[in-house]
Every structure is written in C-alpha cells, then in structure tokens.
Amino acid sequence: MHPNHIPTGRSNLLEGDFYAFQDLLAPEEREAALRLRDFMEREVRPIADDYWDRAEFPHHLIPGIAATGVLGTAWPESRRFPNSALFRGWAAVEIARVDASFATFVGVTSGLAMGAIGVGGSDEQRAAWLPPMGRGEVVGAFGLTEPLAGSDTARGLRTTAVRRGDTWILDGAKRWIGNATFADITLIWAKDIDDGQVKGFIVRKDTPGFKTEKIERKQSLRGVQNADITLTGVEVPEADRLQRIDSFKDLAGVLGPTRVGVAWEAMGIALGAHEAAVRYAAEREQFGRPIASFQLVQQKLAENLADVTAGLAVCVRAAQLEDAGKRRDEHAAMAKAFCTSRMRTVVARARAVLGGNGIQLDHGVARYFADAEAVYSYEGTYDMNTLIVGRAITGRQAFV
C-alpha cells in the first residue's frame, strides 16, 4: 500500500465523505468507483508530484484510465454500464483527490470533447468518435477560450468560419486549451461569418494550418498540457462540422454538465488536501505530542470537513437534478462558484496546518494548493457564475 493511501475501512468510504454520500451510488457504480480509486492510488499517486514538478503528462496512463470505464460514461456509444450523473461526479472526486491535472485531462477529453460530440454531433459522428474516445484510443481537446475572449465568448468570439461549398475555412486563435499539444482531435468553436452564429468543428491534429504551442511557466495544473492554438486557413469538411450546433445556446448545452463536473473536481481537490492535512497532523510532533491533539489544529480540520461536506451536498443535489432533467444553468453556476470558493478556503487551511512544510511537494498539500487556483477560474470565473445566479434571482442581467 502506498504510504499516502488512507485506509477506508470495511465500508470503503473515504474518511472525508463524512455524510456517506458514496452510499447513494448504485451497487455497480460503487464497484466502479472503487476500481477507479485503486487505479488512482496504485498508478497515479506515486508519480503525480514528479510529473507535476516537471510539467509533463503521464501519457502511458491513458489506457489504464480508459480501462476503468470512466471515459464517455454519459453516452450509450461509449459507456461500459448504465450510470447516473451522481456516479460521473463521484468519479471526478476520486480522480481529483489524487491529481487535479489528471482530473482535468479526463474532464477535457471525456466531458468537454466527448460532450460536444455527444450533444452536438450527428448519429454518424457519435458512432465514429465516441467509442474510440471511450477506449482512450482518441484523445480530445476543446477549443473555446481565446486570447481576447474568455468570459465574453458568447459575443466576443473572434475565430471565424467561412463556408465554401462543402468546406469550411477557419481562421483565428485559441488559448489555454487543455490536452491540445497531443490531442488527436480538437473541437474548435468559431463564428460563422454568414449568420454570426457559433458553430463547432472537429479538427484533426495534422490538419494544415492548425498549430499548437505549449504554454510554459504555469504555476498551477502543471501536468495539464495547455496550448495556444493558431488557425490559418484551416480547411474542415462539412462532414466534420457538429451537425446539431447552430448557436451559442446549443453550445451551452455542453457547458452546463461540465460546469457541474468542475464543482465535483473542486471537491476532490479539497478532499485530497484535507486528507493530507489529517495525515500530517497525526505524524507531526511539536511540544512533545502530535499537532493533531491541539485545539486550533482540530478547529481547522473540523472546518475543512464541514466545507467539504457542504460542497459535496451541493454537487449531489445538482447531479440529482441532472438525472431528473431539471438542472438549469443557474444550478450549474451556483455549484461551480460555491464549490470552487470552498475549495480555495479548504486548501488554504490545509496548507496552514502544515506550516512551512505546506509549500513543499513532499508533504502532500502544496500541489492541491496551487492547482486550486486554476480550477477556481476555468469553466467560468467565480464572478461570472455568481452573475448567472444573480440573474436568476432578480430577472436582470448584470454582465455589462
């Protein structure tokens, strides 16, 4: 057993799952979650710090994570067994509590790229792409954000698409695109010059005019291979345009579930940091006894557990709404904003428990502390998500 593994007892519950949310999973889902946990502890945790430190991605683990069955779980073409939104969220927790960079890889290829094809692709496109992506044979990326368009992509998208017969010509630039340096396909979102609406395109990595450049010197999610993308006269056949995406509103159907997925990921990061702080407090001695026996340390741990529990409760309810077909954009926005905010607080308290050792990778919290900053910002900033909720409360839009 790896020294960072936390024994979970006969119930197989995580220590940080204080209200036993895992028990809400169906039996087959619980078994799949445990298989995933075993993979993450056995294969990913021992190497996560090293790959993070070197800003590299462990490509050799892609077949292993695919074998757990967590890629493409939302789609009948690629899922291994019927499953719920609750299971898909819990899978994100299991991955992120070990490595947020690896969780982001899964979220991009399985949630965003496969989600775009699942929501917006024709039956033929779904049949062609989802099965191999679910097997890990094809990796996807999702190219929406641009150098000058982040929060305002609904109106500020500058990448253009011009149709000439059965071919589309794409020109523009994308930024912060996870997986893009090695993805086999990238879903590129561009504004149709003719009607001004957003369209989605499946762009293969070797397409002429499609260029990626890794973004260096990151201090968060260092294992994620983010790229700047330039598109210069990129030709895409009409057959590779997502046939069911004709506007940004259609695209929003992809982003809602993945936004909730980021909330789950945030709780995984918070849970991982909390577990590391509990381990450290039990082992670190000051004044002749473990610091876990000190009142102020116990207060930090208790507050962290409460925040993790509250965030998981929000995620669970959002998943239940998703499964019932009742989840709205404001539900996803609240989950993402609340959970990433709580995550930030939890990782800060966990780092404080470790004192000066909290900034060193070897002690288990520093990576979570740094990675939380990127997760706090992507898939919609805290500010933008609170404004989506504010619009739902007041009926008034305050974005500009």
# chains A, B, ... in the order shown; residues from 1 in each chain; ligands from 1

$ residues_around --residues "Asn179 (chain A)" --least-positions-apart "5" --cutoff "7 Å" --atoms "only C-alpha atoms" --output "JSON, numbers by chain"
{"A": [105, 141, 224, 225, 226]}

$ write_last_selection --atoms "N, CA and C atoms" --output "PDB file, in the first residue's frame"
ATOM      1  N   PHE A 105      -7.404  16.419 -17.414  1.00  0.00           N
ATOM      2  CA  PHE A 105      -7.286  15.650 -18.654  1.00  0.00           C
ATOM      3  C   PHE A 105      -8.571  14.872 -18.931  1.00  0.00           C
ATOM      4  N   ALA A 141      -9.620  17.538 -27.321  1.00  0.00           N
ATOM      5  CA  ALA A 141      -9.435  18.842 -26.689  1.00  0.00           C
ATOM      6  C   ALA A 141     -10.623  19.715 -27.073  1.00  0.00           C
ATOM      7  N   VAL A 224      -1.166  19.490 -16.802  1.00  0.00           N
ATOM      8  CA  VAL A 224      -2.052  19.723 -17.946  1.00  0.00           C
ATOM      9  C   VAL A 224      -1.252  20.406 -19.051  1.00  0.00           C
ATOM     10  N   GLN A 225      -1.364  19.862 -20.253  1.00  0.00           N
ATOM     11  CA  GLN A 225      -0.625  20.416 -21.388  1.00  0.00           C
ATOM     12  C   GLN A 225      -1.516  21.434 -22.112  1.00  0.00           C
ATOM     13  N   ASN A 226      -1.553  22.647 -21.561  1.00  0.00           N
ATOM     14  CA  ASN A 226      -2.312  23.730 -22.186  1.00  0.00           C
ATOM     15  C   ASN A 226      -1.560  24.277 -23.387  1.00  0.00           C
TER      16      ASN A 226
END

$ residues_around --residues "Tyr382 (chain A)" --least-positions-apart "5" --cutoff "7 Å" --atoms "only C-alpha atoms" --output "PyMOL selection string"
chain A and resi 337+376-377

$ select_by_dssp --residues "region 89-286 of chain A" --states "strand (DSSP E)" --output "number ranges by chain"
A: 140-143, 160-164, 167-177, 185-192, 198-204, 210-214, 227-237, 285-286

$ closest_atom_pairs --of "region 239-277 of chain A" --to "region 190-196 of chain A" --cutoff "12 Å" --atoms "only C-alpha atoms" --output "tab-separated table"
residue	atom	partner	partner_atom	distance
A:Arg241	CA	A:Ala190	CA	10.7
A:Leu242	CA	A:Ala190	CA	11.6
A:Ile245	CA	A:Ala190	CA	11.2
A:Asp246	CA	A:Asp192	CA	9.3
A:Ser247	CA	A:Gly196	CA	8.7
A:Phe248	CA	A:Lys191	CA	9.4
A:Leu251	CA	A:Ala190	CA	11.2

$ write_last_selection --atoms "N, CA and C atoms" --output "mmCIF file, in the first residue's frame"
data_model
loop_
_atom_site.group_PDB
_atom_site.id
_atom_site.type_symbol
_atom_site.label_atom_id
_atom_site.label_comp_id
_atom_site.auth_asym_id
_atom_site.auth_seq_id
_atom_site.Cartn_x
_atom_site.Cartn_y
_atom_site.Cartn_z
ATOM 1 N N ARG A 241 -18.270 19.212 -39.311
ATOM 2 C CA ARG A 241 -18.963 20.239 -38.521
ATOM 3 C C ARG A 241 -19.994 19.541 -37.644
ATOM 4 N N LEU A 242 -20.080 19.941 -36.367
ATOM 5 C CA LEU A 242 -21.087 19.356 -35.486
ATOM 6 C C LEU A 242 -22.473 19.737 -36.010
ATOM 7 N N ILE A 245 -25.181 21.761 -33.699
ATOM 8 C CA ILE A 245 -24.793 23.015 -33.039
ATOM 9 C C ILE A 245 -24.946 24.143 -34.043
ATOM 10 N N ASP A 246 -25.883 25.037 -33.779
ATOM 11 C CA ASP A 246 -26.119 26.155 -34.689
ATOM 12 C C ASP A 246 -26.077 27.513 -33.993
ATOM 13 N N SER A 247 -25.727 27.530 -32.697
ATOM 14 C CA SER A 247 -25.694 28.797 -31.968
ATOM 15 C C SER A 247 -24.970 28.590 -30.649
ATOM 16 N N PHE A 248 -24.670 29.698 -29.974
ATOM 17 C CA PHE A 248 -24.043 29.594 -28.656
ATOM 18 C C PHE A 248 -24.995 28.933 -27.666
ATOM 19 N N LEU A 251 -24.338 25.391 -27.819
ATOM 20 C CA LEU A 251 -23.075 25.117 -27.135
ATOM 21 C C LEU A 251 -23.266 25.092 -25.626
#

$ residues_around --residues "Arg327 (chain A)" --least-positions-apart "4" --cutoff "10 Å" --atoms "only C-alpha atoms" --output "list in words"
Gly256, Pro257, Val260, Arg317, Ala318, Ala319, Gln320, Leu321, Glu322, Asp323, His331 and Ala332 of chain A

$ write_last_selection --atoms "C-alpha atoms" --output "PDB file, in the first residue's frame"
ATOM      1  CA  GLY A 256     -23.800  23.037 -18.194  1.00  0.00           C
ATOM      2  CA  PRO A 257     -22.929  19.456 -17.208  1.00  0.00           C
ATOM      3  CA  VAL A 260     -21.080  20.886 -12.500  1.00  0.00           C
ATOM      4  CA  ARG A 317     -28.215  17.711  -5.440  1.00  0.00           C
ATOM      5  CA  ALA A 318     -27.040  19.159  -8.769  1.00  0.00           C
ATOM      6  CA  ALA A 319     -26.466  15.606 -10.019  1.00  0.00           C
ATOM      7  CA  GLN A 320     -29.923  14.550  -8.882  1.00  0.00           C
ATOM      8  CA  LEU A 321     -31.411  17.484 -10.775  1.00  0.00           C
ATOM      9  CA  GLU A 322     -29.375  16.479 -13.835  1.00  0.00           C
ATOM     10  CA  ASP A 323     -30.676  12.928 -13.702  1.00  0.00           C
ATOM     11  CA  HIS A 331     -27.869  25.417 -10.760  1.00  0.00           C
ATOM     12  CA  ALA A 332     -24.600  24.607 -12.530  1.00  0.00           C
TER      13      ALA A 332
END

$ residues_around --residues "Trp90 (chain A)" --least-positions-apart "2" --cutoff "9 Å" --atoms "only C-alpha atoms" --output "list in words"
Gln22, Leu25, Ala33, Ala85, Leu86, Phe87, Arg88, Ala92, Val93, Glu94, Ile95, Trp264, Glu265, Gly268 and Val316 of chain A

$ closest_residue --among "A:Ala127, A:Leu296, A:Ile202, A:Leu387" --to "Pro237 (chain A)" --atoms "only C-alpha atoms"
A:Ile202

$ select_by_dssp --residues "region 37-263 of chain A" --states "helix (DSSP H, G or I)" --output "MDAnalysis selection string"
chainID A and resid 37:54 59:67 85:96 100:120 123:134 153:156 238:240 248:263

$ closest_residue --among "A:Ile169, A:Ala91, A:Ala55, A:Ala74" --to "Gly118 (chain A)" --atoms "only C-alpha atoms"
A:Ala74

$ closest_atom_pairs --of "region 127-156 of chain A" --to "region 108-111 of chain A" --cutoff "7 Å" --atoms "only C-alpha atoms" --output "CSV"
residue,atom,partner,partner_atom,distance
A:Val139,CA,A:Thr109,CA,5.9
A:Gly140,CA,A:Thr109,CA,4.5
A:Ala141,CA,A:Thr109,CA,5.8
A:Phe142,CA,A:Val108,CA,6.7

$ closest_residue --among "A:Thr68, A:Thr386, A:Thr104, A:Thr340" --to "Glu31 (chain A)" --atoms "only C-alpha atoms"
A:Thr68

$ residues_around --residues "Tyr19 (chain A)" --least-positions-apart "3" --cutoff "10 Å" --atoms "only C-alpha atoms" --output "number ranges by chain"
A: 13, 15-16, 22-23, 309-310, 312-313

$ write_last_selection --atoms "N, CA and C atoms" --output "PDB file, in the first residue's frame"
ATOM      1  N   LEU A  13     -15.642   3.684   2.487  1.00  0.00           N
ATOM      2  CA  LEU A  13     -15.910   5.114   2.385  1.00  0.00           C
ATOM      3  C   LEU A  13     -14.621   5.889   2.606  1.00  0.00           C
ATOM      4  N   GLU A  15     -12.491   8.824   4.223  1.00  0.00           N
ATOM      5  CA  GLU A  15     -12.626   9.459   5.532  1.00  0.00           C
ATOM      6  C   GLU A  15     -13.280  10.833   5.421  1.00  0.00           C
ATOM      7  N   GLY A  16     -13.041  11.524   4.327  1.00  0.00           N
ATOM      8  CA  GLY A  16     -13.628  12.843   4.164  1.00  0.00           C
ATOM      9  C   GLY A  16     -15.067  12.821   3.702  1.00  0.00           C
ATOM     10  N   GLN A  22     -21.197   8.548  -0.805  1.00  0.00           N
ATOM     11  CA  GLN A  22     -20.892   7.435  -1.705  1.00  0.00           C
ATOM     12  C   GLN A  22     -21.957   6.346  -1.636  1.00  0.00           C
ATOM     13  N   ASP A  23     -22.625   6.223  -0.500  1.00  0.00           N
ATOM     14  CA  ASP A  23     -23.667   5.204  -0.352  1.00  0.00           C
ATOM     15  C   ASP A  23     -24.868   5.460  -1.256  1.00  0.00           C
ATOM     16  N   THR A 309     -18.008  18.721   3.127  1.00  0.00           N
ATOM     17  CA  THR A 309     -19.334  18.105   3.202  1.00  0.00           C
ATOM     18  C   THR A 309     -20.392  18.987   2.557  1.00  0.00           C
ATOM     19  N   ALA A 310     -20.334  20.286   2.822  1.00  0.00           N
ATOM     20  CA  ALA A 310     -21.304  21.211   2.222  1.00  0.00           C
ATOM     21  C   ALA A 310     -21.168  21.234   0.705  1.00  0.00           C
ATOM     22  N   LEU A 312     -19.921  18.867  -1.271  1.00  0.00           N
ATOM     23  CA  LEU A 312     -20.402  17.605  -1.818  1.00  0.00           C
ATOM     24  C   LEU A 312     -21.923  17.551  -1.836  1.00  0.00           C
ATOM     25  N   ALA A 313     -22.551  18.118  -0.819  1.00  0.00           N
ATOM     26  CA  ALA A 313     -24.014  18.134  -0.784  1.00  0.00           C
ATOM     27  C   ALA A 313     -24.589  18.926  -1.953  1.00  0.00           C
TER      28      ALA A 313
END

$ closest_residue --among "A:Gly89, A:Gly311, A:Gly72, A:Gly178" --to "Val138 (chain A)" --atoms "only C-alpha atoms"
A:Gly72

$ residues_around --residues "Lys174 (chain A)" --least-positions-apart "3" --cutoff "12 Å" --atoms "only C-alpha atoms" --output "PyMOL selection string"
chain A and resi 141-150+153+157-160+170-171+177-178+180+186-190+210-215+226-232

$ residues_around --residues "region 278-286 of chain A" --least-positions-apart "5" --cutoff "9 Å" --atoms "only C-alpha atoms" --output "VMD selection string"
chain A and resid 4 6 273 291 to 293 297 to 298 301 350 353 to 354 363 to 364

$ write_last_selection --atoms "C-alpha atoms" --output "JSON list (two decimals), in the first residue's frame"
[["chain", "number", "residue", "atom", "x", "y", "z"],
["A", 4, "ASN", "CA", -0.20, 8.26, 1.17],
["A", 6, "ILE", "CA", -5.72, 6.27, 3.61],
["A", 273, "ALA", "CA", -5.91, 18.46, 0.70],
["A", 291, "ILE", "CA", -0.19, 18.54, 16.49],
["A", 292, "ALA", "CA", -3.49, 16.73, 15.89],
["A", 293, "SER", "CA", -4.03, 17.00, 19.65],
["A", 297, "VAL", "CA", -5.42, 22.37, 14.52],
["A", 298, "GLN", "CA", -8.57, 20.38, 15.24],
["A", 301, "LEU", "CA", -9.65, 20.19, 10.31],
["A", 350, "ALA", "CA", -4.78, 22.64, 4.97],
["A", 353, "VAL", "CA", -1.89, 23.09, 9.22],
["A", 354, "LEU", "CA", 1.42, 22.12, 7.62],
["A", 363, "HIS", "CA", 4.28, 16.88, 2.22],
["A", 364, "GLY", "CA", 1.14, 16.43, 0.18]]

$ closest_residue --among "A:Pro27, A:Pro131, A:Gly136, A:Gly115" --to "Ile65 (chain A)" --atoms "only C-alpha atoms"
A:Gly136

$ decode --residues "region 153-189 of chain A" --atoms "N, CA and C atoms" --output "short mmCIF file (atom, residue, chain, number, x, y, z; two decimals), in the first residue's frame"
data_model
loop_
_atom_site.label_atom_id
_atom_site.label_comp_id
_atom_site.auth_asym_id
_atom_site.auth_seq_id
_atom_site.Cartn_x
_atom_site.Cartn_y
_atom_site.Cartn_z
N THR A 153 -17.16 35.03 -24.37
CA THR A 153 -17.12 34.26 -25.61
C THR A 153 -18.47 34.22 -26.32
N ALA A 154 -19.56 34.38 -25.58
CA ALA A 154 -20.88 34.33 -26.22
C ALA A 154 -21.00 35.40 -27.30
N ARG A 155 -20.37 36.55 -27.07
CA ARG A 155 -20.46 37.64 -28.04
C ARG A 155 -19.11 38.04 -28.62
N GLY A 156 -18.03 37.66 -27.93
CA GLY A 156 -16.72 38.16 -28.34
C GLY A 156 -15.84 37.20 -29.10
N LEU A 157 -16.41 36.07 -29.54
CA LEU A 157 -15.61 35.09 -30.27
C LEU A 157 -15.06 35.70 -31.55
N ARG A 158 -13.74 35.58 -31.75
CA ARG A 158 -13.09 36.19 -32.91
C ARG A 158 -12.66 35.18 -33.96
N THR A 159 -12.57 33.92 -33.60
CA THR A 159 -12.25 32.90 -34.60
C THR A 159 -13.42 32.78 -35.57
N THR A 160 -13.12 32.78 -36.86
CA THR A 160 -14.17 32.83 -37.87
C THR A 160 -14.23 31.55 -38.69
N ALA A 161 -15.42 31.31 -39.23
CA ALA A 161 -15.64 30.17 -40.12
C ALA A 161 -16.36 30.67 -41.37
N VAL A 162 -15.80 30.36 -42.52
CA VAL A 162 -16.40 30.74 -43.80
C VAL A 162 -16.66 29.48 -44.61
N ARG A 163 -17.88 29.33 -45.09
CA ARG A 163 -18.21 28.12 -45.87
C ARG A 163 -18.00 28.37 -47.35
N ARG A 164 -17.30 27.41 -47.96
CA ARG A 164 -17.11 27.42 -49.41
C ARG A 164 -17.47 26.04 -49.93
N GLY A 165 -18.67 25.90 -50.41
CA GLY A 165 -19.16 24.60 -50.85
C GLY A 165 -19.29 23.66 -49.67
N ASP A 166 -18.62 22.52 -49.73
CA ASP A 166 -18.65 21.54 -48.65
C ASP A 166 -17.45 21.65 -47.73
N THR A 167 -16.76 22.79 -47.78
CA THR A 167 -15.58 23.00 -46.95
C THR A 167 -15.73 24.29 -46.15
N TRP A 168 -15.27 24.25 -44.89
CA TRP A 168 -15.24 25.44 -44.04
C TRP A 168 -13.79 25.88 -43.87
N ILE A 169 -13.57 27.19 -43.87
CA ILE A 169 -12.24 27.76 -43.67
C ILE A 169 -12.24 28.45 -42.31
N LEU A 170 -11.35 27.99 -41.42
CA LEU A 170 -11.26 28.54 -40.07
C LEU A 170 -10.00 29.38 -39.92
N ASP A 171 -10.17 30.56 -39.33
CA ASP A 171 -9.04 31.45 -39.03
C ASP A 171 -9.24 32.04 -37.65
N GLY A 172 -8.15 32.08 -36.88
CA GLY A 172 -8.24 32.68 -35.55
C GLY A 172 -7.23 32.10 -34.60
N ALA A 173 -7.51 32.26 -33.30
CA ALA A 173 -6.58 31.80 -32.27
C ALA A 173 -7.35 31.36 -31.04
N LYS A 174 -6.80 30.38 -30.34
CA LYS A 174 -7.36 29.88 -29.09
C LYS A 174 -6.26 29.87 -28.03
N ARG A 175 -6.67 29.94 -26.76
CA ARG A 175 -5.69 29.97 -25.68
C ARG A 175 -6.18 29.13 -24.49
N TRP A 176 -5.22 28.61 -23.76
CA TRP A 176 -5.48 27.79 -22.56
C TRP A 176 -6.22 26.50 -22.89
N ILE A 177 -5.93 25.90 -24.03
CA ILE A 177 -6.66 24.72 -24.45
C ILE A 177 -5.97 23.46 -23.92
N GLY A 178 -6.57 22.84 -22.92
CA GLY A 178 -6.02 21.65 -22.30
C GLY A 178 -5.98 20.47 -23.27
N ASN A 179 -4.92 19.66 -23.17
CA ASN A 179 -4.69 18.47 -23.99
C ASN A 179 -4.28 18.81 -25.43
N ALA A 180 -4.33 20.07 -25.82
CA ALA A 180 -4.23 20.40 -27.25
C ALA A 180 -2.86 20.06 -27.85
N THR A 181 -1.81 19.98 -27.04
CA THR A 181 -0.50 19.69 -27.60
C THR A 181 -0.41 18.27 -28.13
N PHE A 182 -1.27 17.37 -27.64
CA PHE A 182 -1.17 15.97 -28.07
C PHE A 182 -2.52 15.37 -28.47
N ALA A 183 -3.60 16.14 -28.41
CA ALA A 183 -4.93 15.61 -28.73
C ALA A 183 -5.01 15.19 -30.19
N ASP A 184 -5.74 14.12 -30.43
CA ASP A 184 -5.96 13.65 -31.80
C ASP A 184 -6.96 14.53 -32.54
N ILE A 185 -7.95 15.04 -31.80
CA ILE A 185 -8.92 15.97 -32.37
C ILE A 185 -9.16 17.11 -31.39
N THR A 186 -9.43 18.28 -31.91
CA THR A 186 -9.80 19.43 -31.09
C THR A 186 -11.11 19.98 -31.59
N LEU A 187 -12.05 20.17 -30.68
CA LEU A 187 -13.32 20.79 -31.03
C LEU A 187 -13.12 22.30 -31.05
N ILE A 188 -13.17 22.87 -32.23
CA ILE A 188 -12.93 24.30 -32.40
C ILE A 188 -14.27 25.01 -32.59
N TRP A 189 -14.44 26.09 -31.83
CA TRP A 189 -15.66 26.87 -31.89
C TRP A 189 -15.37 28.19 -32.61
#
